[in-house]
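Student: So here's entry.txt, just compact mmCIF, C-alpha atoms:
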```
# COMPACT_ATOMS: atom_id res chain seq x y z
CA MET T 118 0.00 0.00 0.00
CA GLU T 119 2.74 2.38 0.98
CA ASP T 120 4.78 1.48 -2.07
CA ASN T 121 1.77 2.14 -4.25
CA GLN T 122 1.54 5.59 -2.82
CA ILE T 123 5.06 6.31 -3.97
CA LYS T 124 4.39 4.97 -7.42
CA ASN T 125 1.30 7.08 -7.78
CA ASN T 126 3.38 10.05 -6.82
CA SER T 127 5.88 9.13 -9.50
CA ASN T 128 3.12 8.79 -12.09
CA GLU T 129 1.97 12.28 -11.27
CA SER T 130 5.50 13.49 -11.84
CA GLN T 131 5.60 11.81 -15.21
CA LYS T 132 2.62 13.88 -16.27
CA ALA T 133 4.70 16.97 -15.61
CA SER T 134 7.28 15.88 -18.18
CA ALA T 135 5.48 17.71 -20.99
CA ASN T 136 7.42 20.21 -23.04
CA TYR T 137 7.51 23.81 -21.92
CA ASP T 138 8.69 26.97 -23.62
CA VAL T 139 10.51 27.92 -20.47
CA VAL T 140 11.36 26.14 -17.24
CA ILE T 141 12.33 28.39 -14.35
CA ILE T 142 14.38 26.80 -11.59
CA GLY T 143 13.60 28.56 -8.32
CA GLY T 144 10.39 30.44 -7.55
CA GLY T 145 11.60 33.38 -5.48
CA PRO T 146 11.12 37.00 -6.58
CA ALA T 147 13.43 36.64 -9.61
CA GLY T 148 11.91 33.37 -10.83
CA SER T 149 8.33 34.31 -10.06
CA THR T 150 8.62 37.68 -11.81
CA ALA T 151 10.10 35.91 -14.83
CA ALA T 152 7.12 33.54 -14.64
CA ILE T 153 4.67 36.48 -14.56
CA TYR T 154 6.23 38.01 -17.68
CA ALA T 155 6.72 34.73 -19.55
CA ALA T 156 3.20 33.43 -18.87
CA ARG T 157 1.67 36.85 -19.56
CA SER T 158 3.24 36.82 -23.02
CA GLY T 159 1.72 33.42 -23.73
CA LEU T 160 4.73 31.18 -23.13
CA LYS T 161 4.11 27.77 -21.61
CA THR T 162 5.87 28.30 -18.34
CA LEU T 163 6.83 25.96 -15.51
CA VAL T 164 8.46 26.95 -12.23
CA VAL T 165 10.24 24.17 -10.36
CA ASP T 166 10.80 25.08 -6.74
CA LYS T 167 11.85 23.29 -3.55
CA GLY T 168 9.34 25.10 -1.38
CA LEU T 169 7.97 28.49 -0.51
CA THR T 170 10.38 29.12 2.35
CA SER T 171 13.52 27.55 0.93
CA GLY T 172 15.00 30.84 -0.26
CA ALA T 173 16.27 34.03 1.30
CA LEU T 174 12.90 35.78 1.09
CA GLY T 175 11.16 32.85 2.72
CA ILE T 176 12.99 33.57 5.95
CA THR T 177 12.73 37.37 5.75
CA SER T 178 10.19 38.39 8.36
CA LYS T 179 9.42 41.89 7.11
CA ILE T 180 9.70 43.65 3.73
CA VAL T 181 9.32 47.41 3.89
CA ASN T 182 11.08 48.65 0.76
CA TYR T 183 9.34 46.87 -2.09
CA PRO T 184 7.75 49.61 -4.20
CA GLY T 185 3.99 49.76 -4.01
CA ILE T 186 3.68 47.46 -1.01
CA VAL T 187 3.01 49.80 1.90
CA GLU T 188 1.48 47.43 4.41
CA GLU T 189 3.76 45.25 6.51
CA ILE T 190 4.38 42.00 4.68
CA SER T 191 6.66 39.02 5.24
CA GLY T 192 9.00 37.75 2.56
CA ALA T 193 7.01 34.54 2.23
CA GLN T 194 3.76 36.51 1.80
CA LEU T 195 5.31 38.68 -0.91
CA VAL T 196 6.58 35.64 -2.83
CA GLU T 197 3.19 34.02 -2.42
CA LYS T 198 1.54 37.08 -4.00
CA MET T 199 3.99 36.95 -6.93
CA ARG T 200 3.26 33.26 -7.38
CA GLU T 201 -0.49 33.83 -7.37
CA GLN T 202 -0.02 36.52 -10.01
CA ALA T 203 2.10 34.21 -12.18
CA LYS T 204 -0.47 31.42 -11.82
CA LEU T 205 -3.26 33.81 -12.86
CA PHE T 206 -1.40 34.27 -16.14
CA GLY T 207 -1.11 30.50 -16.57
CA ALA T 208 2.29 29.67 -15.11
CA GLU T 209 2.51 26.24 -13.51
CA TYR T 210 4.37 25.60 -10.25
CA ILE T 211 5.69 22.22 -9.21
CA SER T 212 7.33 21.38 -5.92
CA ASP T 213 10.52 19.48 -6.67
CA LYS T 214 14.23 19.70 -6.01
CA VAL T 215 16.36 19.99 -9.13
CA ILE T 216 19.40 17.73 -8.92
CA GLY T 217 20.78 17.97 -12.45
CA VAL T 218 20.34 19.56 -15.87
CA ASP T 219 21.22 18.89 -19.48
CA LEU T 220 21.66 22.36 -20.96
CA GLN T 221 23.78 21.43 -23.97
CA SER T 222 21.01 19.91 -26.09
CA GLU T 223 18.53 22.03 -28.02
CA THR T 224 15.75 20.71 -25.80
CA LYS T 225 16.97 21.31 -22.26
CA SER T 226 16.22 18.70 -19.61
CA ILE T 227 15.77 19.52 -15.95
CA PHE T 228 16.08 16.51 -13.65
CA GLY T 229 14.26 16.68 -10.34
CA ASN T 230 13.81 14.17 -7.56
CA GLY T 231 10.21 13.82 -8.71
CA GLY T 232 10.40 14.06 -12.49
CA VAL T 233 12.10 15.27 -15.66
CA TYR T 234 11.03 18.58 -17.23
CA ASN T 235 11.89 19.54 -20.80
CA SER T 236 11.92 23.00 -22.33
CA ARG T 237 13.45 25.22 -25.01
CA PHE T 238 14.56 27.90 -22.56
CA VAL T 239 15.78 27.69 -18.98
CA ILE T 240 16.00 30.40 -16.34
CA ILE T 241 18.16 29.69 -13.31
CA SER T 242 16.96 31.62 -10.27
CA THR T 243 18.03 29.36 -7.44
CA GLY T 244 19.29 32.05 -5.08
CA SER T 245 22.27 32.03 -2.79
CA MET T 246 21.37 29.85 0.14
CA GLY T 247 23.50 26.90 -0.91
CA ARG T 248 25.65 25.06 1.56
CA GLY T 249 29.42 25.22 1.76
CA VAL T 250 30.71 23.37 4.78
CA ARG T 251 29.53 19.84 5.36
CA ILE T 252 28.71 18.23 8.71
CA GLN T 253 31.41 15.94 10.09
CA GLY T 254 30.71 12.42 8.82
CA GLU T 255 28.28 13.59 6.13
CA ASP T 256 30.39 12.99 3.02
CA ARG T 257 31.86 9.74 4.33
CA LEU T 258 28.46 8.22 5.10
CA LEU T 259 26.60 9.52 2.02
CA GLY T 260 24.61 6.59 0.67
CA HIS T 261 25.20 4.67 3.89
CA GLY T 262 22.57 6.45 5.89
CA VAL T 263 23.11 10.04 4.78
CA SER T 264 20.62 11.14 2.14
CA TYR T 265 19.26 14.29 0.50
CA CYS T 266 16.20 12.67 -1.02
CA ALA T 267 13.46 11.12 1.11
CA THR T 268 11.42 10.29 -2.00
CA CYS T 269 14.30 8.15 -3.26
CA ASP T 270 15.50 6.55 -0.08
CA ALA T 271 12.65 6.48 2.49
CA ALA T 272 11.79 2.88 1.66
CA PHE T 273 15.24 1.79 2.92
CA TYR T 274 14.29 3.02 6.40
CA ARG T 275 11.17 0.98 7.06
CA ASN T 276 10.61 0.70 10.83
CA LYS T 277 13.91 2.44 11.53
CA ASP T 278 14.67 5.69 13.32
CA VAL T 279 15.89 8.63 11.26
CA VAL T 280 16.83 12.26 11.76
CA VAL T 281 15.92 15.18 9.50
CA ALA T 282 18.01 18.35 9.78
CA GLY T 283 16.61 21.62 8.42
CA ASN T 284 13.98 24.25 9.07
CA THR T 285 12.26 24.96 5.73
CA ASP T 286 9.02 23.67 4.28
CA GLU T 287 11.14 21.41 2.07
CA ALA T 288 12.63 19.74 5.17
CA ILE T 289 9.18 19.39 6.76
CA GLU T 290 7.66 17.84 3.62
CA GLU T 291 10.53 15.37 3.46
CA ALA T 292 10.12 14.52 7.16
CA LEU T 293 6.39 13.91 6.70
CA PHE T 294 7.13 11.67 3.72
CA LEU T 295 9.56 9.67 5.87
CA THR T 296 6.87 9.04 8.50
CA LYS T 297 5.19 6.67 6.04
CA TYR T 298 8.12 4.29 6.50
CA ALA T 299 10.26 5.18 9.49
CA ASN T 300 9.52 4.23 13.07
CA GLN T 301 10.56 7.58 14.50
CA VAL T 302 11.57 10.84 12.83
CA TYR T 303 13.67 13.26 14.87
CA PHE T 304 13.42 16.74 13.35
CA LEU T 305 16.35 19.02 14.20
CA SER T 306 15.80 22.72 13.48
CA GLN T 307 18.73 24.99 14.12
CA THR T 308 16.32 27.88 14.69
CA GLU T 309 13.68 27.98 17.44
CA ARG T 310 11.01 28.85 14.87
CA LEU T 311 10.51 26.88 11.69
CA ALA T 312 10.50 28.90 8.47
CA ALA T 313 7.34 27.39 7.04
CA PRO T 314 3.58 28.00 6.85
CA GLN T 315 1.99 27.52 10.28
CA GLU T 316 -0.31 24.74 9.09
CA LEU T 317 2.65 22.67 7.90
CA VAL T 318 4.52 23.31 11.16
CA GLU T 319 1.47 22.15 13.14
CA THR T 320 1.18 18.98 11.05
CA LEU T 321 4.81 18.22 11.82
CA LYS T 322 4.50 19.00 15.53
CA ASN T 323 1.37 16.92 15.94
CA HIS T 324 2.57 13.91 14.00
CA PRO T 325 2.82 10.92 16.36
CA LYS T 326 6.04 9.70 14.74
CA VAL T 327 7.85 13.04 14.88
CA ILE T 328 9.89 14.42 17.75
CA LEU T 329 10.82 18.06 17.15
CA TYR T 330 14.06 19.47 18.54
CA ALA T 331 13.80 23.23 18.00
CA GLY T 332 16.95 25.31 18.40
CA THR T 333 19.12 22.25 17.90
CA LYS T 334 22.09 22.09 15.56
CA LEU T 335 23.30 18.92 13.88
CA LYS T 336 26.99 18.64 14.77
CA GLU T 337 28.20 15.23 13.69
CA ILE T 338 26.98 12.11 11.92
CA ILE T 339 28.45 9.05 13.59
CA GLY T 340 29.03 5.52 12.34
CA GLU T 341 31.79 3.32 11.02
CA ASN T 342 30.33 1.90 7.82
CA ARG T 343 26.80 3.21 8.14
CA VAL T 344 24.97 5.85 10.12
CA GLU T 345 24.53 4.71 13.71
CA ALA T 346 23.84 7.98 15.53
CA VAL T 347 23.95 11.77 15.27
CA LEU T 348 25.32 14.28 17.73
CA ALA T 349 23.40 17.53 18.07
CA VAL T 350 23.82 20.63 20.21
CA GLN T 351 20.85 22.39 21.79
CA SER T 352 20.63 26.15 22.27
CA ASP T 353 21.63 25.76 25.93
CA GLN T 354 24.81 23.99 24.69
CA HIS T 355 23.63 20.59 25.90
CA GLU T 356 24.61 17.81 23.56
CA VAL T 357 22.12 15.17 22.45
CA LEU T 358 23.08 11.80 21.01
CA LEU T 359 20.33 10.24 18.93
CA SER T 360 20.56 6.65 17.80
CA VAL T 361 19.41 6.59 14.15
CA SER T 362 19.95 4.63 10.94
CA GLY T 363 19.42 7.55 8.59
CA ALA T 364 20.26 11.25 8.44
CA PHE T 365 18.37 13.37 5.90
CA VAL T 366 20.06 16.73 5.51
CA TYR T 367 18.33 19.91 4.23
CA LEU T 368 20.55 22.61 5.67
CA GLN T 369 21.32 25.95 4.04
CA GLY T 370 24.24 28.31 3.73
CA GLY T 371 25.22 31.48 1.91
CA ARG T 372 26.53 30.29 -1.45
CA PRO T 373 24.93 30.55 -4.89
CA VAL T 374 23.03 27.34 -5.60
CA THR T 375 24.77 26.10 -8.74
CA ASP T 376 25.81 22.53 -7.88
CA PHE T 377 23.11 21.04 -10.14
CA ILE T 378 24.68 22.79 -13.18
CA GLN T 379 27.70 20.47 -12.92
CA GLY T 380 30.08 22.71 -14.80
CA GLN T 381 27.95 23.18 -17.93
CA LEU T 382 28.02 26.99 -17.76
CA GLU T 383 30.96 29.35 -17.87
CA VAL T 384 31.93 30.95 -14.59
CA SER T 385 34.34 33.74 -13.72
CA GLN T 386 37.57 33.21 -11.78
CA SER T 387 35.69 33.80 -8.56
CA GLY T 388 33.15 31.13 -9.52
CA CYS T 389 30.32 33.49 -10.49
CA LEU T 390 28.03 32.62 -13.41
CA ILE T 391 28.77 34.84 -16.42
CA VAL T 392 25.74 36.54 -18.04
CA ASP T 393 25.22 39.20 -20.70
CA SER T 394 23.04 42.31 -20.45
CA SER T 395 19.85 40.28 -20.90
CA PHE T 396 21.05 37.75 -18.30
CA GLN T 397 21.82 35.05 -20.85
CA THR T 398 24.59 32.65 -19.78
CA SER T 399 27.32 31.11 -21.93
CA ILE T 400 24.74 28.70 -23.40
CA PRO T 401 22.14 30.36 -25.66
CA GLY T 402 18.66 29.90 -24.24
CA VAL T 403 19.88 29.54 -20.67
CA TYR T 404 19.48 32.57 -18.39
CA ALA T 405 20.50 33.25 -14.79
CA ILE T 406 18.92 35.92 -12.59
CA GLY T 407 18.67 37.04 -8.98
CA ASP T 408 20.86 36.17 -6.02
CA VAL T 409 22.43 33.19 -7.79
CA LEU T 410 24.52 35.83 -9.60
CA CYS T 411 27.16 36.80 -7.11
CA THR T 412 27.68 40.34 -8.42
CA HIS T 413 24.02 41.04 -7.94
CA VAL T 414 22.59 43.53 -5.40
CA LYS T 415 20.57 41.41 -2.99
CA GLN T 416 17.27 43.29 -3.10
CA VAL T 417 13.84 41.92 -4.02
CA VAL T 418 13.17 44.71 -6.50
CA VAL T 419 16.45 44.02 -8.32
CA SER T 420 15.74 40.30 -8.56
CA ALA T 421 12.25 41.03 -9.86
CA ALA T 422 13.63 43.40 -12.50
CA GLU T 423 16.12 40.82 -13.70
CA GLY T 424 13.30 38.29 -13.99
CA ALA T 425 11.36 40.68 -16.20
CA ILE T 426 14.37 41.34 -18.45
CA ALA T 427 15.20 37.66 -18.93
CA ALA T 428 11.58 36.67 -19.63
CA MET T 429 11.16 39.50 -22.18
CA ALA T 430 14.39 38.47 -23.91
CA ILE T 431 13.10 34.90 -24.19
CA GLU T 432 9.76 36.07 -25.53
CA LYS T 433 11.60 38.14 -28.14
CA GLU T 434 13.73 35.15 -29.09
CA ILE T 435 10.72 32.82 -29.43
CA ASN T 436 8.69 35.25 -31.49
CA GLY T 437 11.66 36.23 -33.63
CA ARG T 438 11.36 39.95 -33.14
CA SER T 439 14.29 42.28 -33.04
CA ARG T 440 12.87 44.43 -30.26
CA MET T 441 11.43 43.48 -26.91
CA MET T 442 7.66 43.76 -26.77
CA VAL T 443 6.29 46.31 -24.34
CA ASP T 444 3.00 45.18 -22.88
CA TRP T 445 0.77 48.27 -22.78
CA SER T 446 -2.40 46.85 -21.29
CA GLU T 447 -4.54 49.90 -22.01
CA LYS T 448 -3.99 49.52 -25.75
CA LYS T 449 -5.71 46.16 -25.64
CA GLN T 450 -8.87 47.46 -24.06
CA MET I 117 26.72 -2.65 -29.64
CA ASN I 118 25.91 -3.67 -26.09
CA SER I 119 23.08 -2.38 -24.01
CA VAL I 120 22.37 -2.27 -20.31
CA ILE I 121 21.54 -5.66 -18.78
CA HIS I 122 18.75 -5.82 -16.21
CA VAL I 123 19.59 -8.43 -13.57
CA ASN I 124 17.51 -9.87 -10.77
CA ASP I 125 18.72 -11.31 -7.46
CA ASP I 126 19.12 -14.83 -8.87
CA GLN I 127 21.15 -13.72 -11.90
CA PHE I 128 23.41 -11.33 -10.00
CA GLU I 129 26.12 -13.82 -9.08
CA GLU I 130 26.41 -15.24 -12.58
CA VAL I 131 26.15 -11.99 -14.54
CA VAL I 132 27.94 -9.58 -12.22
CA LEU I 133 30.24 -11.43 -9.84
CA LYS I 134 31.49 -14.13 -12.22
CA ALA I 135 31.86 -11.84 -15.24
CA GLU I 136 35.12 -11.84 -17.16
CA LEU I 137 34.77 -8.14 -17.96
CA PRO I 138 34.66 -5.35 -15.39
CA VAL I 139 31.09 -4.50 -14.36
CA LEU I 140 29.32 -1.27 -13.54
CA VAL I 141 26.15 -2.12 -11.64
CA ASP I 142 23.51 0.47 -10.84
CA PHE I 143 21.01 -0.02 -8.01
CA TRP I 144 17.93 2.02 -8.86
CA ALA I 145 14.15 2.30 -8.48
CA PRO I 146 11.47 3.64 -10.81
CA TRP I 147 10.34 6.45 -8.47
CA CYS I 148 13.81 7.91 -8.03
CA GLY I 149 14.51 11.12 -9.96
CA PRO I 150 18.30 10.98 -9.77
CA CYS I 151 18.10 7.40 -11.12
CA ARG I 152 16.17 8.67 -14.14
CA MET I 153 18.91 11.22 -14.70
CA VAL I 154 21.61 8.55 -14.70
CA ALA I 155 19.70 6.06 -16.88
CA PRO I 156 20.50 7.58 -20.32
CA LEU I 157 24.15 8.02 -19.30
CA LEU I 158 24.39 4.32 -18.43
CA ASP I 159 22.87 3.46 -21.83
CA LYS I 160 25.58 5.59 -23.44
CA ILE I 161 28.38 3.96 -21.43
CA ALA I 162 27.07 0.49 -22.36
CA SER I 163 27.20 1.25 -26.07
CA GLU I 164 30.35 3.42 -26.17
CA TYR I 165 32.39 1.05 -24.00
CA SER I 166 30.96 -2.06 -25.63
CA GLY I 167 33.27 -5.04 -25.16
CA LYS I 168 35.19 -3.30 -22.38
CA ILE I 169 32.64 -3.12 -19.60
CA ILE I 170 29.30 -4.68 -18.69
CA VAL I 171 26.66 -2.23 -17.50
CA ALA I 172 24.05 -3.90 -15.29
CA LYS I 173 21.04 -2.54 -13.45
CA VAL I 174 19.23 -3.89 -10.40
CA ASN I 175 15.73 -2.60 -9.63
CA THR I 176 15.83 -2.48 -5.81
CA ASP I 177 12.05 -2.31 -5.75
CA GLU I 178 11.83 -5.87 -7.05
CA ASN I 179 15.25 -7.22 -6.08
CA SER I 180 16.57 -6.21 -2.69
CA GLN I 181 18.89 -9.08 -1.75
CA TRP I 182 22.13 -7.73 -3.23
CA ALA I 183 21.29 -4.15 -2.30
CA VAL I 184 21.01 -5.35 1.30
CA ASN I 185 24.24 -7.38 1.00
CA TYR I 186 26.12 -4.31 -0.20
CA ARG I 187 24.33 -2.11 2.39
CA VAL I 188 22.85 0.12 -0.27
CA GLN I 189 20.74 2.71 1.57
CA GLY I 190 20.47 5.37 -1.08
CA ILE I 191 19.81 5.26 -4.80
CA PRO I 192 21.22 5.50 -7.31
CA THR I 193 24.25 3.63 -6.03
CA MET I 194 26.72 2.49 -8.67
CA LEU I 195 29.24 -0.22 -7.84
CA PHE I 196 32.32 -0.81 -9.96
CA ILE I 197 33.04 -4.53 -9.68
CA SER I 198 36.11 -6.32 -10.95
CA LYS I 199 36.34 -10.11 -10.64
CA GLY I 200 33.64 -10.16 -8.00
CA GLN I 201 35.18 -7.41 -5.86
CA VAL I 202 33.80 -3.90 -5.40
CA VAL I 203 36.62 -1.47 -6.20
CA LYS I 204 34.64 1.77 -6.24
CA THR I 205 31.24 3.01 -5.09
CA GLN I 206 29.44 6.06 -6.45
CA VAL I 207 26.37 7.27 -4.59
CA GLY I 208 24.03 9.72 -6.28
CA ALA I 209 23.67 11.07 -9.79
CA LEU I 210 26.54 12.76 -11.59
CA SER I 211 27.28 14.36 -14.93
CA GLU I 212 28.19 12.48 -18.09
CA SER I 213 31.81 13.61 -17.90
CA GLY I 214 31.97 12.72 -14.20
CA LEU I 215 30.68 9.23 -14.88
CA LYS I 216 33.02 8.74 -17.84
CA ASN I 217 35.98 9.78 -15.69
CA LEU I 218 35.01 7.16 -13.11
CA VAL I 219 34.64 4.51 -15.82
CA ASN I 220 38.00 5.42 -17.42
CA ASP I 221 39.78 5.31 -14.06
CA PHE I 222 38.10 2.00 -13.26
CA LEU I 223 39.15 0.45 -16.57
CA ALA I 224 42.68 1.80 -16.12
CA GLY I 225 42.84 0.22 -12.67
CA LYS I 226 43.18 3.57 -10.94
CA ASN I 227 40.41 3.14 -8.38
```
Starting from the coordinates I provided, produce the structure as structure tokens.
Tutor:
Amino acid sequence: MEDNQIKNNSNESQKASANYDVVIIGGGPAGSTAAIYAARSGLKTLVVDKGLTSGALGITSKIVNYPGIVEEISGAQLVEKMREQAKLFGAEYISDKVIGVDLQSETKSIFGNGGVYNSRFVIISTGSMGRGVRIQGEDRLLGHGVSYCATCDAAFYRNKDVVVAGNTDEAIEEALFLTKYANQVYFLSQTERLAAPQELVETLKNHPKVILYAGTKLKEIIGENRVEAVLAVQSDQHEVLLSVSGAFVYLQGGRPVTDFIQGQLEVSQSGCLIVDSSFQTSIPGVYAIGDVLCTHVKQVVVSAAEGAIAAMAIEKEINGRSRMMVDWSEKKQ
Amino acid sequence: MNSVIHVNDDQFEEVVLKAELPVLVDFWAPWCGPCRMVAPLLDKIASEYSGKIIVAKVNTDENSQWAVNYRVQGIPTMLFISKGQVVKTQVGALSESGLKNLVNDFLAGKN
């Protein structure tokens, strides 16, 4: 029964493998604004995103300098509004983590944990919350208890105890998926508050198989040939040793998220993606916008603007016009 | 031109462990995204390195015995096996060039 549930999930993902004009990786302000412009101009647009709160804006509690938004609004609420707007114009959103891409071919393929998405154009807007430093024991025990994909590996942990480290909605979704198989899921959040919609946090907290450790940092993954335990430090500096067979890691850092590109795009000496004035990368048809560009000014309005420029350039390319189209709504009325 | 061989638990010993040629065996499952990413690369390796390496795949959904024996707890896991011995393990998807480097090193005995 449980296995069937996974397969159904996978079938749903297969449906998403249709061809798109543009696939946008990352649904923050840059990606969602690109989606608004692309969908508005009639392009078949898909946004693949790990979760609403997985990016920098998702954990920003208050935005006060976004033009036109006077009332107090959280980062997550602002992104949610942008997403709703993009969806109104026909953009599709799918919750998936991109783990690889094939950008060289004319039809680009985006590989996610849940499915493969094909398109003519790709916009990379994955932000800059990628990890640098690994936890002690993490690399050594990868595949022997350490995992980044519950969808792939949950079935190996039937009736076993596992730990999930993270604080985003992505981490919570993965933890809830693991409860279908695991005996006990320990959820370690480095922050006291989880950066996720309240309803999702409540579902996690109230789940009989989940024990939440808020304000607890994963310090070490222990085991000789396979994961046997994890060591964590609580906010009062007390250490906790949890006996587990699996450690699912969804931690964040401050680096541009480019690991899934696997060297297919040109980067500068300092490792920054190189783009032209319309944010096109070294591969025609592939664009990069927002915080993933390291020279970029980290402001929502700047990310949004870059999204608009990239989407308009793609529209121009698809429709074979020499000038970008300006969408004057009043002329249509 | 060789293609990828799908092996079950019963065939594993004969096809993989007793093979004359070096073997690249991939433990995978249909619902696993990273496995889908690796699949076309393995097809390519099987045809481009035809006669030099055997590329085998084990669906862990249907055949778990050898995955358990090798303590596979994450997929895709690729084992490079020479004369019945595992000489290299790759966990998780990787790029075409990354996989080819591993295969070249394996065939050159550098692992």
Student: Using only C-alpha atoms, determine which residues lie at most 8 Å from stretch 396-400 of chain T, disregarding the query and same-chain residues fewer than 6 positions distant; provide the list as a ChimeraX atom specification.
Tutor: /T:220-221,382-383,390,406,423,426-427
Student: I:Ser163, I:Ile197, I:Val139, I:Gly208: which is nearest chain T, counting only C-alpha atoms?
Tutor: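 When distances to chain T are compared using only C-alpha atoms, the smallest one comes from I:Gly208.
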Student: Would you list the contacts of T:Asp138 as a PyMOL selection string, taking every protein, DNA or RNA residue within 7 Å and counting all atoms listed in the file, but skipping same-chain residues closer than 5 positions in sequence?
Tutor: chain T and resi 160-162+236-238
Student: Residues of chain T near chain I: apply a cut-off of 10 Å, count only C-alpha atoms, and supply the list as a PDB file with C-alpha atoms, keeping the file's coordinate frame.
Tutor:
```
ATOM      1  CA  ASP T 120       4.780   1.480  -2.070  1.00  0.00           C
ATOM      2  CA  ILE T 123       5.060   6.310  -3.970  1.00  0.00           C
ATOM      3  CA  LYS T 124       4.390   4.970  -7.420  1.00  0.00           C
ATOM      4  CA  ASN T 125       1.300   7.080  -7.780  1.00  0.00           C
ATOM      5  CA  ASN T 126       3.380  10.050  -6.820  1.00  0.00           C
ATOM      6  CA  SER T 127       5.880   9.130  -9.500  1.00  0.00           C
ATOM      7  CA  ASN T 128       3.120   8.790 -12.090  1.00  0.00           C
ATOM      8  CA  SER T 130       5.500  13.490 -11.840  1.00  0.00           C
ATOM      9  CA  GLN T 131       5.600  11.810 -15.210  1.00  0.00           C
ATOM     10  CA  ASP T 213      10.520  19.480  -6.670  1.00  0.00           C
ATOM     11  CA  LYS T 214      14.230  19.700  -6.010  1.00  0.00           C
ATOM     12  CA  VAL T 215      16.360  19.990  -9.130  1.00  0.00           C
ATOM     13  CA  ILE T 216      19.400  17.730  -8.920  1.00  0.00           C
ATOM     14  CA  GLY T 217      20.780  17.970 -12.450  1.00  0.00           C
ATOM     15  CA  VAL T 218      20.340  19.560 -15.870  1.00  0.00           C
ATOM     16  CA  ASP T 219      21.220  18.890 -19.480  1.00  0.00           C
ATOM     17  CA  SER T 226      16.220  18.700 -19.610  1.00  0.00           C
ATOM     18  CA  ILE T 227      15.770  19.520 -15.950  1.00  0.00           C
ATOM     19  CA  PHE T 228      16.080  16.510 -13.650  1.00  0.00           C
ATOM     20  CA  GLY T 229      14.260  16.680 -10.340  1.00  0.00           C
ATOM     21  CA  ASN T 230      13.810  14.170  -7.560  1.00  0.00           C
ATOM     22  CA  GLY T 231      10.210  13.820  -8.710  1.00  0.00           C
ATOM     23  CA  GLY T 232      10.400  14.060 -12.490  1.00  0.00           C
ATOM     24  CA  VAL T 233      12.100  15.270 -15.660  1.00  0.00           C
ATOM     25  CA  LEU T 258      28.460   8.220   5.100  1.00  0.00           C
ATOM     26  CA  LEU T 259      26.600   9.520   2.020  1.00  0.00           C
ATOM     27  CA  GLY T 260      24.610   6.590   0.670  1.00  0.00           C
ATOM     28  CA  HIS T 261      25.200   4.670   3.890  1.00  0.00           C
ATOM     29  CA  GLY T 262      22.570   6.450   5.890  1.00  0.00           C
ATOM     30  CA  VAL T 263      23.110  10.040   4.780  1.00  0.00           C
ATOM     31  CA  SER T 264      20.620  11.140   2.140  1.00  0.00           C
ATOM     32  CA  TYR T 265      19.260  14.290   0.500  1.00  0.00           C
ATOM     33  CA  CYS T 266      16.200  12.670  -1.020  1.00  0.00           C
ATOM     34  CA  ALA T 267      13.460  11.120   1.110  1.00  0.00           C
ATOM     35  CA  THR T 268      11.420  10.290  -2.000  1.00  0.00           C
ATOM     36  CA  CYS T 269      14.300   8.150  -3.260  1.00  0.00           C
ATOM     37  CA  ASP T 270      15.500   6.550  -0.080  1.00  0.00           C
ATOM     38  CA  ALA T 271      12.650   6.480   2.490  1.00  0.00           C
ATOM     39  CA  ALA T 272      11.790   2.880   1.660  1.00  0.00           C
ATOM     40  CA  PHE T 273      15.240   1.790   2.920  1.00  0.00           C
ATOM     41  CA  TYR T 274      14.290   3.020   6.400  1.00  0.00           C
ATOM     42  CA  ASN T 342      30.330   1.900   7.820  1.00  0.00           C
ATOM     43  CA  ARG T 343      26.800   3.210   8.140  1.00  0.00           C
ATOM     44  CA  SER T 362      19.950   4.630  10.940  1.00  0.00           C
ATOM     45  CA  GLY T 363      19.420   7.550   8.590  1.00  0.00           C
ATOM     46  CA  PHE T 377      23.110  21.040 -10.140  1.00  0.00           C
ATOM     47  CA  ILE T 378      24.680  22.790 -13.180  1.00  0.00           C
ATOM     48  CA  GLN T 379      27.700  20.470 -12.920  1.00  0.00           C
ATOM     49  CA  GLY T 380      30.080  22.710 -14.800  1.00  0.00           C
ATOM     50  CA  GLN T 381      27.950  23.180 -17.930  1.00  0.00           C
TER      51      GLN T 381
END
```
Student: For T:Val140, find every residue with an atom within 8 Å (counting all atoms listed in the file), except residues of its own chain fewer than 5 positions away, and show them as a ChimeraX atom specification.
Tutor: /T:162-165,234-236,238-240
Student: Rounded to one decimal in Å, what is the spacing between atom CA of I:Val123 and atom CA of I:Leu218?
Tutor: 21.9 Å
Student: How far is it from atom CA of T:Ala292 to atom CA of T:Gly145, in Å with one decimal?
Tutor: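 If I compute the distance from atom CA of T:Ala292 to atom CA of T:Gly145, I get 22.8 Å.
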